[in-house]
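Enquirer: Sharing structure26.txt here; it has compact mmCIF, N, CA and C atoms.
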```txt
# COMPACT_ATOMS: atom_id res chain seq x y z
N MET C 14 44.67 -35.08 -27.20
CA MET C 14 44.77 -34.85 -28.62
C MET C 14 45.71 -33.67 -28.90
N ALA C 15 45.56 -32.61 -28.08
CA ALA C 15 46.43 -31.45 -28.28
C ALA C 15 47.89 -31.82 -28.00
N TYR C 16 48.10 -32.61 -26.96
CA TYR C 16 49.46 -33.02 -26.61
C TYR C 16 50.10 -33.81 -27.75
N ASP C 17 49.38 -34.77 -28.27
CA ASP C 17 49.91 -35.59 -29.36
C ASP C 17 50.17 -34.75 -30.60
N PHE C 18 49.25 -33.84 -30.91
CA PHE C 18 49.42 -32.96 -32.06
C PHE C 18 50.68 -32.10 -31.90
N LEU C 19 50.84 -31.50 -30.72
CA LEU C 19 52.00 -30.64 -30.46
C LEU C 19 53.31 -31.43 -30.50
N LYS C 20 53.30 -32.64 -29.97
CA LYS C 20 54.51 -33.47 -30.02
C LYS C 20 54.93 -33.73 -31.46
N HIS C 21 53.96 -34.03 -32.30
CA HIS C 21 54.30 -34.29 -33.70
C HIS C 21 54.78 -33.01 -34.40
N LYS C 22 54.20 -31.88 -34.06
CA LYS C 22 54.63 -30.62 -34.67
C LYS C 22 56.04 -30.23 -34.22
N MET C 23 56.42 -30.60 -33.00
CA MET C 23 57.73 -30.23 -32.47
C MET C 23 58.83 -31.23 -32.85
N THR C 24 58.44 -32.34 -33.41
CA THR C 24 59.43 -33.36 -33.80
C THR C 24 60.02 -33.00 -35.16
N ALA C 25 61.33 -32.96 -35.20
CA ALA C 25 62.02 -32.64 -36.45
C ALA C 25 61.77 -33.74 -37.48
N GLU C 26 61.78 -33.35 -38.73
CA GLU C 26 61.55 -34.31 -39.81
C GLU C 26 62.63 -35.39 -39.77
N GLY C 27 62.20 -36.63 -39.89
CA GLY C 27 63.13 -37.75 -39.87
C GLY C 27 63.42 -38.28 -38.48
N GLU C 28 62.91 -37.62 -37.44
CA GLU C 28 63.12 -38.09 -36.07
C GLU C 28 61.85 -38.72 -35.54
N SER C 29 62.01 -39.50 -34.48
CA SER C 29 60.88 -40.14 -33.83
C SER C 29 60.33 -39.21 -32.74
N VAL C 30 59.04 -39.27 -32.52
CA VAL C 30 58.41 -38.48 -31.46
C VAL C 30 59.00 -38.85 -30.11
N SER C 31 59.45 -40.10 -29.97
CA SER C 31 60.02 -40.56 -28.70
C SER C 31 61.38 -39.92 -28.40
N GLN C 32 61.93 -39.19 -29.35
CA GLN C 32 63.22 -38.54 -29.16
C GLN C 32 63.10 -37.08 -28.72
N LEU C 33 61.88 -36.63 -28.43
CA LEU C 33 61.70 -35.24 -28.00
C LEU C 33 62.45 -34.97 -26.71
N SER C 34 63.02 -33.78 -26.61
CA SER C 34 63.74 -33.40 -25.41
C SER C 34 62.77 -33.10 -24.27
N THR C 35 63.28 -33.12 -23.06
CA THR C 35 62.46 -32.83 -21.88
C THR C 35 61.82 -31.44 -21.95
N PRO C 36 62.56 -30.39 -22.32
CA PRO C 36 61.90 -29.08 -22.40
C PRO C 36 60.75 -29.04 -23.41
N LYS C 37 60.90 -29.76 -24.53
CA LYS C 37 59.83 -29.79 -25.53
C LYS C 37 58.62 -30.57 -25.01
N ILE C 38 58.86 -31.64 -24.28
CA ILE C 38 57.76 -32.39 -23.68
C ILE C 38 57.03 -31.51 -22.68
N LEU C 39 57.78 -30.78 -21.86
CA LEU C 39 57.16 -29.87 -20.88
C LEU C 39 56.34 -28.79 -21.58
N LEU C 40 56.87 -28.24 -22.65
CA LEU C 40 56.15 -27.20 -23.39
C LEU C 40 54.87 -27.76 -24.00
N CYS C 41 54.96 -28.92 -24.63
CA CYS C 41 53.77 -29.55 -25.23
C CYS C 41 52.72 -29.86 -24.17
N GLY C 42 53.15 -30.40 -23.05
CA GLY C 42 52.22 -30.72 -21.97
C GLY C 42 51.56 -29.49 -21.40
N GLY C 43 52.33 -28.44 -21.19
CA GLY C 43 51.77 -27.20 -20.66
C GLY C 43 50.76 -26.56 -21.59
N ILE C 44 51.09 -26.50 -22.86
CA ILE C 44 50.16 -25.91 -23.84
C ILE C 44 48.91 -26.79 -23.98
N ALA C 45 49.09 -28.10 -23.94
CA ALA C 45 47.93 -29.00 -24.03
C ALA C 45 46.99 -28.79 -22.84
N GLY C 46 47.55 -28.55 -21.68
CA GLY C 46 46.73 -28.28 -20.50
C GLY C 46 45.93 -27.00 -20.65
N ILE C 47 46.55 -25.98 -21.20
CA ILE C 47 45.85 -24.72 -21.42
C ILE C 47 44.73 -24.92 -22.45
N CYS C 48 45.03 -25.67 -23.51
CA CYS C 48 43.99 -25.96 -24.52
C CYS C 48 42.80 -26.66 -23.88
N ASN C 49 43.07 -27.59 -22.99
CA ASN C 49 42.00 -28.29 -22.29
C ASN C 49 41.13 -27.31 -21.51
N TRP C 50 41.74 -26.39 -20.79
CA TRP C 50 40.96 -25.47 -19.96
C TRP C 50 40.25 -24.39 -20.77
N VAL C 51 40.76 -24.06 -21.95
CA VAL C 51 40.03 -23.12 -22.81
C VAL C 51 38.66 -23.70 -23.13
N VAL C 52 38.62 -25.00 -23.35
CA VAL C 52 37.36 -25.69 -23.66
C VAL C 52 36.60 -26.03 -22.38
N GLY C 53 37.30 -26.43 -21.35
CA GLY C 53 36.66 -26.94 -20.14
C GLY C 53 36.23 -25.93 -19.11
N LEU C 54 36.77 -24.71 -19.17
CA LEU C 54 36.43 -23.72 -18.14
C LEU C 54 34.97 -23.27 -18.17
N PRO C 55 34.38 -22.96 -19.33
CA PRO C 55 32.98 -22.54 -19.30
C PRO C 55 32.03 -23.57 -18.68
N PRO C 56 32.11 -24.86 -19.03
CA PRO C 56 31.23 -25.81 -18.35
C PRO C 56 31.52 -25.91 -16.85
N ASP C 57 32.79 -25.74 -16.48
CA ASP C 57 33.14 -25.78 -15.06
C ASP C 57 32.53 -24.60 -14.31
N VAL C 58 32.54 -23.43 -14.92
CA VAL C 58 31.93 -22.25 -14.31
C VAL C 58 30.42 -22.46 -14.15
N LEU C 59 29.79 -23.00 -15.18
CA LEU C 59 28.35 -23.27 -15.10
C LEU C 59 28.05 -24.26 -13.98
N LYS C 60 28.81 -25.33 -13.90
CA LYS C 60 28.62 -26.34 -12.86
C LYS C 60 28.78 -25.74 -11.48
N THR C 61 29.82 -24.93 -11.31
CA THR C 61 30.06 -24.32 -10.00
C THR C 61 28.93 -23.38 -9.61
N ASN C 62 28.48 -22.56 -10.56
CA ASN C 62 27.36 -21.66 -10.26
C ASN C 62 26.10 -22.44 -9.90
N PHE C 63 25.87 -23.52 -10.59
CA PHE C 63 24.70 -24.36 -10.31
C PHE C 63 24.80 -24.99 -8.92
N GLN C 64 25.97 -25.51 -8.60
CA GLN C 64 26.16 -26.20 -7.32
C GLN C 64 26.12 -25.26 -6.12
N THR C 65 26.56 -24.03 -6.31
CA THR C 65 26.63 -23.10 -5.18
C THR C 65 25.41 -22.20 -5.06
N ALA C 66 24.47 -22.32 -5.98
CA ALA C 66 23.25 -21.49 -5.95
C ALA C 66 22.33 -21.97 -4.83
N PRO C 67 21.57 -21.06 -4.26
CA PRO C 67 20.58 -21.47 -3.26
C PRO C 67 19.55 -22.41 -3.88
N ASP C 68 18.98 -23.28 -3.06
CA ASP C 68 17.96 -24.22 -3.55
C ASP C 68 16.82 -23.47 -4.21
N GLY C 69 16.40 -23.99 -5.37
CA GLY C 69 15.26 -23.42 -6.07
C GLY C 69 15.59 -22.27 -7.00
N ARG C 70 16.84 -21.84 -7.04
CA ARG C 70 17.19 -20.70 -7.90
C ARG C 70 17.08 -21.07 -9.38
N TYR C 71 17.57 -22.23 -9.73
CA TYR C 71 17.52 -22.67 -11.12
C TYR C 71 16.56 -23.85 -11.22
N ARG C 72 15.54 -23.70 -12.01
CA ARG C 72 14.55 -24.76 -12.16
C ARG C 72 14.50 -25.25 -13.59
N GLY C 73 13.82 -26.30 -13.79
CA GLY C 73 13.56 -26.77 -15.16
C GLY C 73 14.80 -27.25 -15.87
N THR C 74 15.43 -26.39 -16.64
CA THR C 74 16.52 -26.81 -17.51
C THR C 74 17.89 -26.73 -16.85
N GLY C 75 17.96 -26.36 -15.59
CA GLY C 75 19.21 -26.41 -14.83
C GLY C 75 20.33 -25.59 -15.43
N LEU C 76 21.30 -26.27 -16.04
CA LEU C 76 22.49 -25.58 -16.55
C LEU C 76 22.16 -24.58 -17.66
N VAL C 77 21.11 -24.85 -18.41
CA VAL C 77 20.69 -23.88 -19.43
C VAL C 77 20.23 -22.59 -18.76
N ASP C 78 19.50 -22.72 -17.64
CA ASP C 78 19.10 -21.55 -16.87
C ASP C 78 20.31 -20.79 -16.34
N VAL C 79 21.29 -21.53 -15.85
CA VAL C 79 22.52 -20.90 -15.35
C VAL C 79 23.20 -20.13 -16.47
N LEU C 80 23.33 -20.75 -17.63
CA LEU C 80 23.97 -20.10 -18.77
C LEU C 80 23.21 -18.85 -19.18
N ARG C 81 21.92 -18.98 -19.30
CA ARG C 81 21.08 -17.84 -19.72
C ARG C 81 21.24 -16.66 -18.75
N GLU C 82 21.14 -16.95 -17.46
CA GLU C 82 21.24 -15.89 -16.45
C GLU C 82 22.64 -15.29 -16.41
N LEU C 83 23.65 -16.13 -16.49
CA LEU C 83 25.03 -15.64 -16.45
C LEU C 83 25.33 -14.73 -17.64
N LEU C 84 24.90 -15.14 -18.83
CA LEU C 84 25.13 -14.31 -20.02
C LEU C 84 24.34 -13.01 -19.95
N ARG C 85 23.12 -13.08 -19.44
CA ARG C 85 22.29 -11.89 -19.34
C ARG C 85 22.88 -10.88 -18.33
N ASP C 86 23.31 -11.39 -17.17
CA ASP C 86 23.77 -10.50 -16.09
C ASP C 86 25.22 -10.05 -16.23
N GLU C 87 26.08 -10.94 -16.76
CA GLU C 87 27.51 -10.62 -16.75
C GLU C 87 28.18 -10.68 -18.12
N GLY C 88 27.50 -11.21 -19.11
CA GLY C 88 28.08 -11.30 -20.44
C GLY C 88 28.94 -12.54 -20.62
N PRO C 89 29.45 -12.74 -21.84
CA PRO C 89 30.22 -13.94 -22.16
C PRO C 89 31.51 -14.11 -21.33
N ARG C 90 32.08 -13.00 -20.89
CA ARG C 90 33.31 -13.09 -20.09
C ARG C 90 33.10 -13.85 -18.78
N ALA C 91 31.86 -13.90 -18.32
CA ALA C 91 31.56 -14.60 -17.07
C ALA C 91 31.87 -16.09 -17.18
N LEU C 92 31.87 -16.63 -18.39
CA LEU C 92 32.17 -18.05 -18.58
C LEU C 92 33.64 -18.37 -18.32
N TYR C 93 34.45 -17.34 -18.21
CA TYR C 93 35.87 -17.53 -17.95
C TYR C 93 36.29 -16.93 -16.61
N LYS C 94 35.39 -16.97 -15.64
CA LYS C 94 35.74 -16.53 -14.28
C LYS C 94 36.85 -17.42 -13.76
N GLY C 95 37.83 -16.81 -13.13
CA GLY C 95 38.94 -17.58 -12.59
C GLY C 95 39.98 -17.93 -13.63
N PHE C 96 39.88 -17.31 -14.79
CA PHE C 96 40.78 -17.56 -15.92
C PHE C 96 42.25 -17.53 -15.50
N ASN C 97 42.67 -16.45 -14.85
CA ASN C 97 44.09 -16.30 -14.51
C ASN C 97 44.59 -17.41 -13.60
N ALA C 98 43.85 -17.71 -12.55
CA ALA C 98 44.29 -18.76 -11.62
C ALA C 98 44.34 -20.12 -12.30
N VAL C 99 43.33 -20.42 -13.09
CA VAL C 99 43.27 -21.73 -13.76
C VAL C 99 44.41 -21.89 -14.74
N PHE C 100 44.68 -20.85 -15.51
CA PHE C 100 45.72 -20.96 -16.53
C PHE C 100 47.12 -20.92 -15.94
N LEU C 101 47.29 -20.20 -14.83
CA LEU C 101 48.60 -20.22 -14.17
C LEU C 101 48.90 -21.59 -13.59
N ARG C 102 47.87 -22.28 -13.14
CA ARG C 102 48.04 -23.62 -12.60
C ARG C 102 48.13 -24.67 -13.72
N ALA C 103 47.40 -24.47 -14.79
CA ALA C 103 47.29 -25.47 -15.85
C ALA C 103 48.62 -25.77 -16.52
N PHE C 104 49.39 -24.75 -16.80
CA PHE C 104 50.63 -24.99 -17.55
C PHE C 104 51.60 -25.88 -16.77
N PRO C 105 52.02 -25.49 -15.57
CA PRO C 105 53.00 -26.35 -14.88
C PRO C 105 52.43 -27.71 -14.47
N ALA C 106 51.17 -27.75 -14.08
CA ALA C 106 50.58 -29.02 -13.65
C ALA C 106 50.53 -30.02 -14.80
N ASN C 107 50.10 -29.58 -15.96
CA ASN C 107 50.00 -30.48 -17.10
C ASN C 107 51.37 -30.77 -17.72
N ALA C 108 52.27 -29.82 -17.65
CA ALA C 108 53.64 -30.08 -18.13
C ALA C 108 54.25 -31.21 -17.32
N ALA C 109 54.11 -31.15 -16.00
CA ALA C 109 54.65 -32.20 -15.13
C ALA C 109 53.92 -33.53 -15.35
N CYS C 110 52.61 -33.47 -15.52
CA CYS C 110 51.82 -34.68 -15.74
C CYS C 110 52.25 -35.40 -17.01
N PHE C 111 52.41 -34.68 -18.09
CA PHE C 111 52.79 -35.32 -19.34
C PHE C 111 54.25 -35.77 -19.33
N LEU C 112 55.10 -35.06 -18.61
CA LEU C 112 56.48 -35.54 -18.46
C LEU C 112 56.48 -36.86 -17.69
N GLY C 113 55.69 -36.93 -16.64
CA GLY C 113 55.55 -38.18 -15.88
C GLY C 113 55.03 -39.31 -16.75
N TYR C 114 54.07 -39.00 -17.59
CA TYR C 114 53.52 -39.99 -18.52
C TYR C 114 54.62 -40.52 -19.44
N GLU C 115 55.40 -39.61 -20.02
CA GLU C 115 56.46 -40.02 -20.95
C GLU C 115 57.53 -40.84 -20.25
N LEU C 116 57.89 -40.45 -19.01
CA LEU C 116 58.90 -41.20 -18.27
C LEU C 116 58.38 -42.59 -17.90
N ALA C 117 57.12 -42.68 -17.49
CA ALA C 117 56.52 -43.97 -17.17
C ALA C 117 56.46 -44.86 -18.41
N LEU C 118 56.09 -44.29 -19.54
CA LEU C 118 56.03 -45.04 -20.79
C LEU C 118 57.42 -45.56 -21.18
N GLU C 119 58.42 -44.71 -21.02
CA GLU C 119 59.79 -45.11 -21.33
C GLU C 119 60.24 -46.25 -20.41
N CYS C 120 59.91 -46.14 -19.14
CA CYS C 120 60.27 -47.17 -18.17
C CYS C 120 59.56 -48.49 -18.49
N LEU C 121 58.29 -48.43 -18.80
CA LEU C 121 57.55 -49.64 -19.14
C LEU C 121 58.08 -50.28 -20.42
N ASN C 122 58.44 -49.46 -21.38
CA ASN C 122 59.02 -50.00 -22.62
C ASN C 122 60.37 -50.65 -22.36
N TRP C 123 61.10 -50.15 -21.38
CA TRP C 123 62.38 -50.75 -21.01
C TRP C 123 62.15 -52.07 -20.29
N LEU C 124 61.16 -52.10 -19.39
CA LEU C 124 60.87 -53.32 -18.61
C LEU C 124 60.25 -54.43 -19.46
N ALA C 125 59.36 -54.06 -20.36
CA ALA C 125 58.66 -55.05 -21.17
C ALA C 125 58.62 -54.57 -22.62
N PRO C 126 59.73 -54.67 -23.33
CA PRO C 126 59.83 -54.11 -24.69
C PRO C 126 58.93 -54.78 -25.74
N THR C 127 58.51 -56.00 -25.47
CA THR C 127 57.73 -56.70 -26.50
C THR C 127 56.22 -56.55 -26.31
N TRP C 128 55.79 -55.87 -25.27
CA TRP C 128 54.35 -55.70 -25.05
C TRP C 128 53.78 -54.66 -25.93
```
If you convert what's in this file into structure tokens, what do you get?
Expert:
Amino acid sequence: MAYDFLKHKMTAEGESVSQLSTPKILLCGGIAGICNWVVGLPPDVLKTNFQTAPDGRYRGTGLVDVLRELLRDEGPRALYKGFNAVFLRAFPANAACFLGYELALECLNWLAPTW
């Protein structure tokens, strides 16, 4: 959703989204990846803490217990552990992924234009 939104915002008035330049596609893809991880990192941190905890540490409500303990012991910043590494990886990885998507779509449209 973020990628599509950014593509439309970067498209000049009167032009088609399919005419975006490669650098703009890379920028949109990279920013979309970061947007994804802003939302996805806290649940990922909770999952990792739950999976790596010794048996019996979290009972009953599972991830709610993890969240409660993490916020109590380390505060809200704990939900973004690994922030720097994730975001440094997210931009180039998603930029390349979305560029690949656009190139594949262009190729498929060339091979089968009426589909």
Enquirer: Would you mind listing what lies within 7 Å of C:Pro55 as a PyMOL selection string, with all atoms listed in the file counted and same-chain residues fewer than 5 positions away left out?
Expert: chain C and resi 50+60+91-93
Enquirer: Please determine an axis-aligned box that encloses all atoms of stretch 34-41 of chain C listed in the file, with 4 Å added on each side, and express its centre and edge lengths in Å to one decimal as AutoDock Vina command-line options.
Expert:
```
--center_x 58.2 --center_y -30.5 --center_z -23.7 --size_x 19.0 --size_y 14.6 --size_z 13.7
```
Enquirer: Report, in Å to a single decimal, how far apart atom C of C:Cys120 and atom C of C:Leu19 are.
Expert: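 Between these atoms lies a distance of 21.8 Å.
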Enquirer: What parts of chain C does DSSP call alpha helix (DSSP H)? I'd like the answer as a ChimeraX atom specification.
Expert: /C:15-23,35-65,76-87,96-124
Enquirer: Skipping near chain neighbours, those fewer than 4 positions away, what residues fall within 6.5 Å of C:His21 using only N, CA and C atoms, listed as a PyMOL selection string?
Expert: chain C and resi 16-17+30
Enquirer: Out of C:Ala117, C:Val58, C:Pro105, C:Phe96, which residue has the shortest atom-to-atom distance to C:Val79 when counting all atoms listed in the file?
Expert: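 Comparing C:Ala117, C:Val58, C:Pro105, C:Phe96 against C:Val79, the winner is C:Val58.
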Enquirer: What is the atom CA of C:Asp57-atom CA of C:Ala109 distance in Å, reported with one decimal?
Expert: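 Taking atom CA of C:Asp57 and atom CA of C:Ala109, their separation equals 22.4 Å.
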Enquirer: Atom CA of C:Leu54 and atom CA of C:Val77, how far apart in Å?
Expert: 15.8 Å
Enquirer: Restricting the calculation to only N, CA and C atoms: of C:Thr65, C:Leu59, C:Ala45, C:Asn107, which residue gets closest to C:Ala15?
Expert: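 The shortest atom-to-atom distance to C:Ala15 comes from C:Ala45.
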Enquirer: C:Leu84, C:Leu118, C:Met23, C:Ala106: which is nearest C:Gly43, counting all atoms listed in the file?
Expert: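 The shortest atom-to-atom distance to C:Gly43 comes from C:Ala106.
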